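The next block is start19.csv, given as CSV, C-alpha atoms.
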chain,number,residue,atom,x,y,z
A,1,MET,CA,-12.0,-26.5,-9.5
A,2,SER,CA,-13.0,-30.1,-10.0
A,3,LEU,CA,-15.2,-32.2,-12.3
A,4,LEU,CA,-18.2,-31.7,-10.1
A,5,ASP,CA,-18.0,-27.9,-10.4
A,6,TYR,CA,-18.8,-28.1,-14.1
A,7,PHE,CA,-22.2,-29.6,-13.3
A,8,ARG,CA,-23.3,-26.9,-10.9
A,9,ILE,CA,-25.7,-24.4,-12.4
A,10,SER,CA,-25.9,-20.7,-11.8
A,11,LYS,CA,-22.2,-20.2,-11.1
A,12,VAL,CA,-22.1,-16.4,-11.4
A,13,GLY,CA,-18.8,-14.8,-10.5
A,14,THR,CA,-18.8,-12.2,-7.8
A,15,ALA,CA,-15.9,-10.2,-9.1
A,16,SER,CA,-18.0,-7.9,-11.2
A,17,LEU,CA,-20.1,-7.1,-8.1
A,18,ALA,CA,-16.8,-6.3,-6.2
A,19,LYS,CA,-15.7,-4.0,-8.9
A,20,GLU,CA,-19.0,-2.1,-9.1
A,21,ARG,CA,-19.0,-1.6,-5.3
A,22,LEU,CA,-15.4,-0.5,-5.2
A,23,GLN,CA,-15.9,2.0,-8.0
A,24,ILE,CA,-18.8,3.7,-6.2
A,25,LEU,CA,-17.0,3.7,-2.9
A,26,VAL,CA,-13.7,4.9,-4.2
A,27,ALA,CA,-15.3,7.7,-6.1
A,28,HIS,CA,-17.2,8.8,-3.0
A,29,GLU,CA,-14.1,8.6,-0.8
A,30,ARG,CA,-12.0,10.6,-3.2
A,31,THR,CA,-14.4,13.5,-3.2
A,32,SER,CA,-14.7,13.6,0.6
A,33,LYS,CA,-11.0,13.3,1.0
A,34,HIS,CA,-10.3,16.9,0.1
A,35,GLN,CA,-13.0,18.3,2.4
A,36,PRO,CA,-11.7,20.4,5.2
A,37,SER,CA,-11.9,18.7,8.6
A,38,TYR,CA,-14.1,21.4,10.2
A,39,LEU,CA,-17.0,20.6,7.8
A,40,PRO,CA,-19.0,18.3,10.1
A,41,GLN,CA,-18.6,20.7,13.1
A,42,LEU,CA,-19.6,23.7,10.9
A,43,GLN,CA,-22.7,21.8,9.8
A,44,LYS,CA,-23.6,21.0,13.4
A,45,GLU,CA,-23.3,24.6,14.6
A,46,LEU,CA,-25.1,26.1,11.6
A,47,LEU,CA,-28.0,23.7,12.3
A,48,GLU,CA,-28.1,24.8,15.9
A,49,VAL,CA,-28.3,28.5,14.9
A,50,ILE,CA,-31.0,27.9,12.3
A,51,GLN,CA,-33.0,25.8,14.8
A,52,LYS,CA,-33.1,28.8,17.1
A,53,TYR,CA,-35.3,30.6,14.5
A,54,VAL,CA,-36.8,27.9,12.4
A,55,LYS,CA,-37.9,24.4,13.1
A,56,VAL,CA,-35.9,22.4,10.7
A,57,SER,CA,-35.0,18.8,10.8
A,58,GLN,CA,-31.5,17.3,11.1
A,59,ASP,CA,-31.3,16.4,7.4
A,60,ALA,CA,-32.7,19.7,6.1
A,61,ILE,CA,-29.3,21.2,6.0
A,62,SER,CA,-26.4,20.1,3.8
A,63,VAL,CA,-22.9,21.5,3.5
A,64,THR,CA,-20.9,20.4,0.5
A,65,PHE,CA,-17.4,21.3,-0.5
A,66,GLU,CA,-16.2,21.3,-4.0
A,67,GLN,CA,-12.9,21.9,-5.5
A,68,ASP,CA,-11.7,22.4,-9.0
A,69,GLU,CA,-8.5,23.8,-10.4
A,70,HIS,CA,-9.4,27.4,-9.9
A,71,GLN,CA,-11.5,27.6,-6.8
A,72,GLU,CA,-13.0,26.0,-3.8
A,73,THR,CA,-16.7,26.3,-3.2
A,74,LEU,CA,-18.6,25.8,0.0
A,75,GLU,CA,-22.2,25.2,-0.8
A,76,LEU,CA,-24.9,25.5,1.9
A,77,ASN,CA,-28.3,24.2,1.4
A,78,ILE,CA,-31.2,24.7,3.9
A,79,VAL,CA,-34.6,23.4,3.2
A,80,LEU,CA,-37.1,25.5,5.1
A,81,PRO,CA,-40.5,24.0,6.0
A,82,ASP,CA,-43.3,25.6,4.0
A,83,ASN,CA,-45.6,27.2,6.6
A,84,GLN,CA,-42.9,28.3,9.1
A,85,ALA,CA,-40.9,30.0,6.4
A,86,LYS,CA,-43.8,32.4,5.9
A,87,ASN,CA,-44.3,33.1,9.6
A,88,THR,CA,-40.8,34.3,10.3
B,1,MET,CA,21.7,9.7,-6.2
B,2,ALA,CA,20.1,7.4,-3.6
B,3,ARG,CA,16.4,6.6,-3.9
B,4,ILE,CA,14.0,5.8,-1.1
B,5,ILE,CA,11.3,3.2,-1.9
B,6,VAL,CA,8.4,2.7,0.5
B,7,VAL,CA,6.5,-0.6,0.3
B,8,THR,CA,3.1,0.2,1.6
B,9,SER,CA,-0.6,-0.9,1.4
B,10,GLY,CA,-2.7,0.3,4.3
B,11,LYS,CA,-4.2,-3.2,4.8
B,12,GLY,CA,-2.2,-5.8,6.7
B,13,GLY,CA,-1.3,-9.3,5.5
B,14,VAL,CA,-1.1,-8.4,1.8
B,15,GLY,CA,2.6,-9.1,1.4
B,16,LYS,CA,4.5,-5.9,2.3
B,17,THR,CA,7.3,-7.6,4.1
B,18,THR,CA,7.6,-10.4,1.6
B,19,THR,CA,7.8,-7.8,-1.1
B,20,SER,CA,10.3,-5.6,0.7
B,21,ALA,CA,12.6,-8.6,1.3
B,22,ALA,CA,12.2,-9.7,-2.3
B,23,ILE,CA,12.8,-6.4,-4.0
B,24,ALA,CA,15.6,-5.4,-1.7
B,25,MET,CA,17.4,-8.7,-2.5
B,26,GLY,CA,16.6,-8.2,-6.2
B,27,LEU,CA,18.1,-4.7,-6.3
B,28,ALA,CA,21.2,-5.9,-4.4
B,29,LYS,CA,21.6,-8.9,-6.7
B,30,LYS,CA,21.6,-6.5,-9.6
B,31,GLY,CA,24.7,-4.9,-8.2
B,32,HIS,CA,23.1,-2.0,-6.3
B,33,LYS,CA,24.0,-1.4,-2.7
B,34,THR,CA,20.7,-1.6,-0.9
B,35,ALA,CA,19.4,-1.2,2.7
B,36,VAL,CA,16.0,-2.5,3.8
B,37,ILE,CA,14.4,-1.0,6.9
B,38,ASP,CA,11.7,-2.4,9.1
B,39,PHE,CA,9.4,0.4,10.2
B,40,ASP,CA,7.0,-1.9,12.2
B,41,VAL,CA,8.1,-0.9,15.6
B,42,GLY,CA,6.9,-3.3,18.2
B,43,LEU,CA,6.1,-6.0,15.7
B,44,ARG,CA,9.3,-6.6,13.8
B,45,ASN,CA,9.2,-9.4,11.3
B,46,LEU,CA,11.5,-8.4,8.4
B,47,ASP,CA,14.4,-10.0,10.2
B,48,LEU,CA,12.6,-13.4,10.2
B,49,ILE,CA,11.7,-13.1,6.5
B,50,MET,CA,15.3,-12.2,5.7
B,51,GLY,CA,16.6,-15.0,8.0
B,52,CYS,CA,18.7,-12.8,10.2
B,53,GLU,CA,16.6,-12.8,13.4
B,54,ARG,CA,19.4,-14.3,15.5
B,55,ARG,CA,21.9,-11.6,14.5
B,56,VAL,CA,19.9,-8.6,15.7
B,57,VAL,CA,21.9,-6.7,18.3
B,58,TYR,CA,20.9,-3.1,17.8
B,59,ASP,CA,17.9,-1.7,16.0
B,60,PHE,CA,16.4,1.3,14.2
B,61,VAL,CA,15.4,3.0,17.5
B,62,ASN,CA,18.8,2.5,19.1
B,63,VAL,CA,20.3,4.3,16.1
B,64,ILE,CA,17.8,7.2,16.3
B,65,ASN,CA,18.5,7.6,20.0
B,66,GLY,CA,22.2,7.5,19.5
B,67,GLU,CA,22.6,4.3,21.5
B,68,ALA,CA,24.3,2.6,18.6
B,69,THR,CA,25.9,3.7,15.3
B,70,LEU,CA,24.3,2.9,12.0
B,71,ASN,CA,27.1,0.5,11.2
B,72,GLN,CA,26.6,-1.4,14.4
B,73,ALA,CA,22.9,-1.8,13.8
B,74,LEU,CA,23.0,-2.7,10.1
B,75,ILE,CA,23.1,-6.5,9.4
B,76,ARG,CA,24.8,-7.7,6.3
B,77,ASP,CA,22.8,-10.2,4.5
B,78,LYS,CA,24.1,-13.8,4.4
B,79,ASN,CA,23.2,-14.3,0.7
B,80,CYS,CA,24.3,-11.0,-0.8
B,81,ASN,CA,27.0,-8.7,0.5
B,82,LEU,CA,25.5,-5.6,-1.1
B,83,LEU,CA,22.3,-6.0,1.0
B,84,TYR,CA,21.9,-4.7,4.6
B,85,ILE,CA,19.0,-5.0,7.0
B,86,LEU,CA,18.0,-2.4,9.6
B,87,PRO,CA,15.7,-4.2,12.0
B,88,ALA,CA,12.8,-2.6,13.9
B,89,SER,CA,12.8,-2.2,17.6
B,90,GLN,CA,10.6,-4.5,19.7
B,91,THR,CA,9.8,-1.6,22.1
B,92,ARG,CA,6.1,-1.0,22.9
B,93,ASP,CA,6.6,2.8,22.9
B,94,LYS,CA,4.8,3.9,19.8
B,95,ASP,CA,6.5,7.3,19.8
B,96,ALA,CA,9.9,5.7,19.5
B,97,LEU,CA,10.3,6.9,15.9
B,98,SER,CA,10.4,10.6,15.3
B,99,GLN,CA,10.3,12.4,12.0
B,100,GLU,CA,13.5,14.2,12.7
B,101,GLY,CA,15.3,11.0,13.8
B,102,VAL,CA,14.1,9.0,10.8
B,103,GLY,CA,15.1,11.8,8.5
B,104,ARG,CA,18.6,11.8,10.0
B,105,VAL,CA,19.1,8.1,9.6
B,106,LEU,CA,17.9,8.1,6.0
B,107,ASP,CA,20.2,11.0,5.2
B,108,GLU,CA,23.1,9.0,6.6
B,109,LEU,CA,22.1,5.9,4.6
B,110,LYS,CA,21.8,8.0,1.4
B,111,LYS,CA,25.5,8.7,1.5
B,112,ASP,CA,26.4,5.1,1.2
B,113,PHE,CA,23.5,3.2,-0.4
B,114,LYS,CA,21.8,3.3,-3.9
B,115,TYR,CA,18.4,2.1,-2.7
B,116,ILE,CA,16.7,2.3,0.6
B,117,VAL,CA,13.6,0.1,0.9
B,118,CYS,CA,11.2,1.1,3.7
B,119,ASP,CA,9.0,-1.8,4.8
B,120,SER,CA,5.9,0.0,6.1
B,121,PRO,CA,3.7,-1.4,8.9
B,122,ALA,CA,0.0,-1.8,8.2
B,123,GLY,CA,-2.5,1.0,9.0
B,124,ILE,CA,-2.1,4.7,8.7
B,125,GLU,CA,-0.6,5.5,12.1
B,126,LYS,CA,2.8,7.0,12.9
B,127,GLY,CA,5.0,4.1,11.7
B,128,ALA,CA,3.3,3.9,8.3
B,129,HIS,CA,3.4,7.7,8.0
B,130,LEU,CA,7.1,7.9,8.7
B,131,ALA,CA,7.8,5.0,6.3
B,132,MET,CA,6.3,6.8,3.4
B,133,TYR,CA,7.1,10.4,4.4
B,134,PHE,CA,10.6,10.6,2.9
B,135,ALA,CA,9.9,8.3,-0.1
B,136,ASP,CA,10.8,9.0,-3.8
B,137,ASP,CA,8.9,5.9,-5.0
B,138,ALA,CA,6.0,3.9,-3.6
B,139,PHE,CA,5.2,0.3,-4.2
B,140,VAL,CA,1.6,-0.1,-3.3
B,141,VAL,CA,1.0,-3.8,-2.5
B,142,THR,CA,-2.6,-4.8,-3.2
B,143,ASN,CA,-4.5,-8.1,-3.2
B,144,PRO,CA,-7.4,-8.5,-5.7
B,145,GLU,CA,-9.9,-8.2,-2.9
B,146,VAL,CA,-12.3,-5.3,-1.9
B,147,SER,CA,-10.8,-4.2,1.4
B,148,SER,CA,-7.3,-4.3,0.1
B,149,VAL,CA,-8.1,-2.2,-2.9
B,150,ARG,CA,-10.0,0.3,-0.8
B,151,ASP,CA,-7.2,0.7,1.6
B,152,SER,CA,-4.7,1.1,-1.2
B,153,ASP,CA,-6.8,4.0,-2.5
B,154,ARG,CA,-6.7,5.6,0.9
B,155,MET,CA,-3.0,5.1,1.0
B,156,LEU,CA,-2.6,6.8,-2.4
B,157,GLY,CA,-4.4,9.8,-1.0
B,158,ILE,CA,-2.0,9.9,1.9
B,159,LEU,CA,1.0,9.6,-0.4
B,160,SER,CA,-0.1,12.5,-2.5
B,161,SER,CA,-0.9,14.8,0.4
B,162,LYS,CA,1.1,13.9,3.5
B,163,SER,CA,4.6,13.1,2.2
B,164,ARG,CA,7.6,15.4,2.3
B,165,ARG,CA,7.4,15.8,-1.4
B,166,ALA,CA,3.8,16.9,-1.2
B,167,GLU,CA,4.5,19.3,1.7
B,168,GLN,CA,7.5,20.9,0.0
B,169,ASN,CA,5.7,21.1,-3.4
B,170,GLU,CA,8.2,18.9,-5.1
B,171,GLU,CA,7.5,16.4,-7.8
B,172,PRO,CA,5.1,13.8,-6.4
B,173,ILE,CA,6.1,10.3,-5.3
B,174,ASN,CA,6.2,7.8,-8.2
B,175,GLU,CA,3.5,5.3,-7.4
B,176,PHE,CA,3.5,1.7,-8.6
B,177,LEU,CA,1.0,-1.1,-8.3
B,178,LEU,CA,2.1,-4.6,-7.2
B,179,LEU,CA,-0.8,-7.0,-7.3
B,180,THR,CA,-0.1,-9.9,-5.0
B,181,ARG,CA,-1.7,-13.3,-4.3
B,182,TYR,CA,-3.2,-13.3,-7.8
B,183,ALA,CA,-5.1,-16.4,-8.9
B,184,PRO,CA,-5.6,-16.3,-12.7
B,185,GLU,CA,-7.8,-19.4,-12.6
B,186,ARG,CA,-10.2,-17.7,-10.2
B,187,VAL,CA,-10.2,-14.5,-12.3
B,188,LYS,CA,-11.1,-16.6,-15.3
B,189,LEU,CA,-14.1,-17.9,-13.4
B,190,GLY,CA,-15.2,-14.4,-12.5
B,191,GLU,CA,-14.5,-15.1,-8.8
B,192,MET,CA,-11.6,-12.6,-8.4
B,193,LEU,CA,-11.0,-9.0,-9.5
B,194,SER,CA,-8.7,-9.0,-12.5
B,195,VAL,CA,-5.6,-6.9,-13.0
B,196,ASP,CA,-7.6,-4.7,-15.3
B,197,ASP,CA,-10.4,-4.3,-12.8
B,198,VAL,CA,-7.9,-3.2,-10.1
B,199,GLN,CA,-6.2,-0.8,-12.5
B,200,ASP,CA,-9.5,0.7,-13.5
B,201,ILE,CA,-10.2,1.5,-9.9
B,202,LEU,CA,-6.8,2.7,-8.8
B,203,SER,CA,-5.4,4.0,-12.1
B,204,LEU,CA,-1.8,3.1,-11.1
B,205,HIS,CA,1.2,2.1,-13.2
B,206,LEU,CA,1.4,-1.7,-12.9
B,207,LEU,CA,4.9,-2.9,-11.9
B,208,GLY,CA,3.9,-6.5,-11.8
B,209,VAL,CA,1.6,-9.3,-10.7
B,210,ILE,CA,2.7,-11.9,-8.1
B,211,PRO,CA,0.7,-15.1,-8.4
B,212,GLU,CA,-0.6,-16.9,-5.3
B,213,SER,CA,2.2,-19.4,-4.8
B,214,LYS,CA,3.3,-22.1,-2.3
B,215,SER,CA,6.9,-20.8,-2.7
B,216,VAL,CA,6.1,-17.7,-0.7
B,217,LEU,CA,5.3,-19.7,2.5
B,218,ASN,CA,8.3,-21.9,1.8
B,219,ALA,CA,10.5,-18.9,1.5
B,220,SER,CA,9.3,-17.4,4.8
B,221,ASN,CA,9.6,-20.7,6.6
B,222,SER,CA,13.2,-20.9,5.7
B,223,GLY,CA,14.0,-17.2,6.0
B,224,THR,CA,15.2,-16.7,2.4
B,225,PRO,CA,13.5,-14.0,0.3
B,226,VAL,CA,11.4,-15.7,-2.3
B,227,ILE,CA,13.2,-14.0,-5.2
B,228,LEU,CA,16.1,-16.3,-4.5
B,229,ASP,CA,13.9,-19.3,-5.4
B,230,GLU,CA,14.5,-18.7,-9.1
B,231,LYS,CA,12.5,-21.7,-10.2
B,232,SER,CA,9.3,-20.5,-8.5
B,233,ASP,CA,6.7,-18.4,-10.2
B,234,ALA,CA,6.6,-15.8,-7.4
B,235,GLY,CA,10.4,-15.6,-7.4
B,236,GLN,CA,10.4,-14.9,-11.2
B,237,ALA,CA,7.6,-12.4,-10.8
B,238,TYR,CA,9.6,-10.4,-8.3
B,239,ALA,CA,12.7,-10.6,-10.5
B,240,ASP,CA,10.6,-9.1,-13.3
B,241,ILE,CA,9.4,-6.4,-11.0
B,242,VAL,CA,12.9,-5.4,-10.0
B,243,ALA,CA,14.0,-5.4,-13.7
B,244,ARG,CA,11.0,-3.2,-14.7
B,245,TYR,CA,11.7,-0.8,-11.9
B,246,LEU,CA,15.2,-0.5,-13.1
B,247,GLY,CA,14.0,0.4,-16.6
B,248,GLU,CA,14.0,-3.0,-18.4
B,249,GLU,CA,11.1,-3.9,-20.7
B,250,ARG,CA,9.6,-7.2,-19.7
B,251,PRO,CA,6.3,-8.6,-20.7
B,252,HIS,CA,3.9,-9.3,-17.9
B,253,ARG,CA,3.6,-12.9,-16.9
B,254,PHE,CA,1.4,-14.9,-14.5
B,255,ILE,CA,-1.7,-13.0,-15.5
B,256,ASP,CA,-3.4,-15.6,-17.6
B,257,ASP,CA,-4.5,-19.0,-16.5
B,258,LYS,CA,-1.9,-21.3,-18.1
B,259,LYS,CA,-3.4,-24.5,-16.6
B,260,GLY,CA,-5.1,-26.7,-19.2
B,261,PHE,CA,-8.7,-27.5,-19.3
B,262,PHE,CA,-8.1,-31.0,-18.1
B,263,ARG,CA,-6.0,-30.0,-15.2
B,264,ASN,CA,-8.7,-27.7,-14.0
B,265,LEU,CA,-11.2,-30.4,-14.7
B,266,PHE,CA,-9.6,-32.8,-12.3
B,267,GLY,CA,-8.8,-30.2,-9.6
B,268,GLY,CA,-5.1,-29.9,-10.2
B,269,ASN,CA,-3.2,-27.2,-8.4
How does this structure look as structure tokens?
Amino acid sequence: MSLLDYFRISKVGTASLAKERLQILVAHERTSKHQPSYLPQLQKELLEVIQKYVKVSQDAISVTFEQDEHQETLELNIVLPDNQAKNT
Amino acid sequence: MARIIVVTSGKGGVGKTTTSAAIAMGLAKKGHKTAVIDFDVGLRNLDLIMGCERRVVYDFVNVINGEATLNQALIRDKNCNLLYILPASQTRDKDALSQEGVGRVLDELKKDFKYIVCDSPAGIEKGAHLAMYFADDAFVVTNPEVSSVRDSDRMLGILSSKSRRAEQNEEPINEFLLLTRYAPERVKLGEMLSVDDVQDILSLHLLGVIPESKSVLNASNSGTPVILDEKSDAGQAYADIVARYLGEERPHRFIDDKKGFFRNLFGGN
């Protein structure tokens, strides 16, 4: 920090940006930390089975794991394409 | 009852060994018989920081393998006769430490020592796992910097799920935050995460802040724990931390920018 620095304009600190990024990241990592390790494999296999019958895309299926004090919930979400859902 | 303290961080280079050396010396200076163990197998460095590198004959792995007794391997510190160092092995065998072996050595140390400080290696591999596994208290060393804070959070997750206390459903490890390499003048300018920012993110009990200080490099150059440099800011900060850990009330220092406007103005350090 020297005399010249006082004449520089637009000196915005980056610490607030660091905090914001960390808060989002840490919150995300804390929720995924408790997920069982088989979750990605489960998701992959489910997708394969579903694709046998319905043409769904890679991101049409999501498996989420939630945990509170009393129970653990495994939530499975599959978005079926409109027309094919009617045909099967 | 002996207590096992792990000094951990996840990230490397944040000051784990400096901290281990300082707090072990501080506890011993307060009259408690203390052992400090280097868990960084293959990359031992605690001996250098403690200034006993030329007195290493046997190491931690020799003791685990029964090639030496604990008394043969422990090095008595030259500055304090209540402090002993157990150096790491320089072997490249990463499986040299076993959970059973480490547990056995720690049990033996607990009979004779009040505090056992475990200097963890960086990372989350075996050495780091074993350093924290048997701990009662954890000192999480963190720099006010994004990657260090993130890694500390990961480490907290591991402490709460993978330790002996967690596995046996005992009371969890007491976790403390040590914020190191802190530069109050940069925090003031909004360039560095503040103590409050880091605490907001990690929600940990703050044991103390160690300011960025020339005395830390001076201390490691000469192989004397920085806490013995009683005139230095870092030395005093570590002394405060030891006192707080032992239950003394001490106000936090080195958090605010004490340098005057004019000193900042002319680039003083």
Who sits within 10 Å of region 16-21 of chain B, all atoms listed in the file, same chain under 2 positions skipped, as a ChimeraX atom specification:
/B:5-14,23-26,36-38,40,44-50,85,117-122,139-142,178,180,210,216-217,219-220,223-227,238
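From CA of Gly235 (chain B) back to CA of Gly247 (chain B), the distance works out to 18.8 Å.
Shortest separation to Gly103 (chain B) among B:Leu27, B:Ile4, B:Ile241, B:Ala88 occurs at residue B:Ile4, atoms counted being all atoms listed in the file.
Relative to CA of Ala243 (chain B), CA of Thr34 (chain B) is found at 14.9 Å.
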What lies within 9 Å of Leu39 (chain A) using all atoms listed in the file, ignoring chain neighbours under 3 positions off, as a PDB file with C-alpha atoms, in the coordinates of the input?
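Result saved to out.pdb:
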ATOM      1  CA  GLN A  35     -13.000  18.300   2.400  1.00  0.00           C
ATOM      2  CA  PRO A  36     -11.700  20.400   5.200  1.00  0.00           C
ATOM      3  CA  LEU A  42     -19.600  23.700  10.900  1.00  0.00           C
ATOM      4  CA  GLN A  43     -22.700  21.800   9.800  1.00  0.00           C
ATOM      5  CA  LYS A  44     -23.600  21.000  13.400  1.00  0.00           C
ATOM      6  CA  VAL A  63     -22.900  21.500   3.500  1.00  0.00           C
ATOM      7  CA  THR A  64     -20.900  20.400   0.500  1.00  0.00           C
ATOM      8  CA  PHE A  65     -17.400  21.300  -0.500  1.00  0.00           C
TER       9      PHE A  65
END
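Using all atoms listed in the file for every distance, the candidate list B:Leu83, B:Asn71, B:Lys30, B:Cys52 yields B:Lys30 as the residue closest to Asp240 (chain B).
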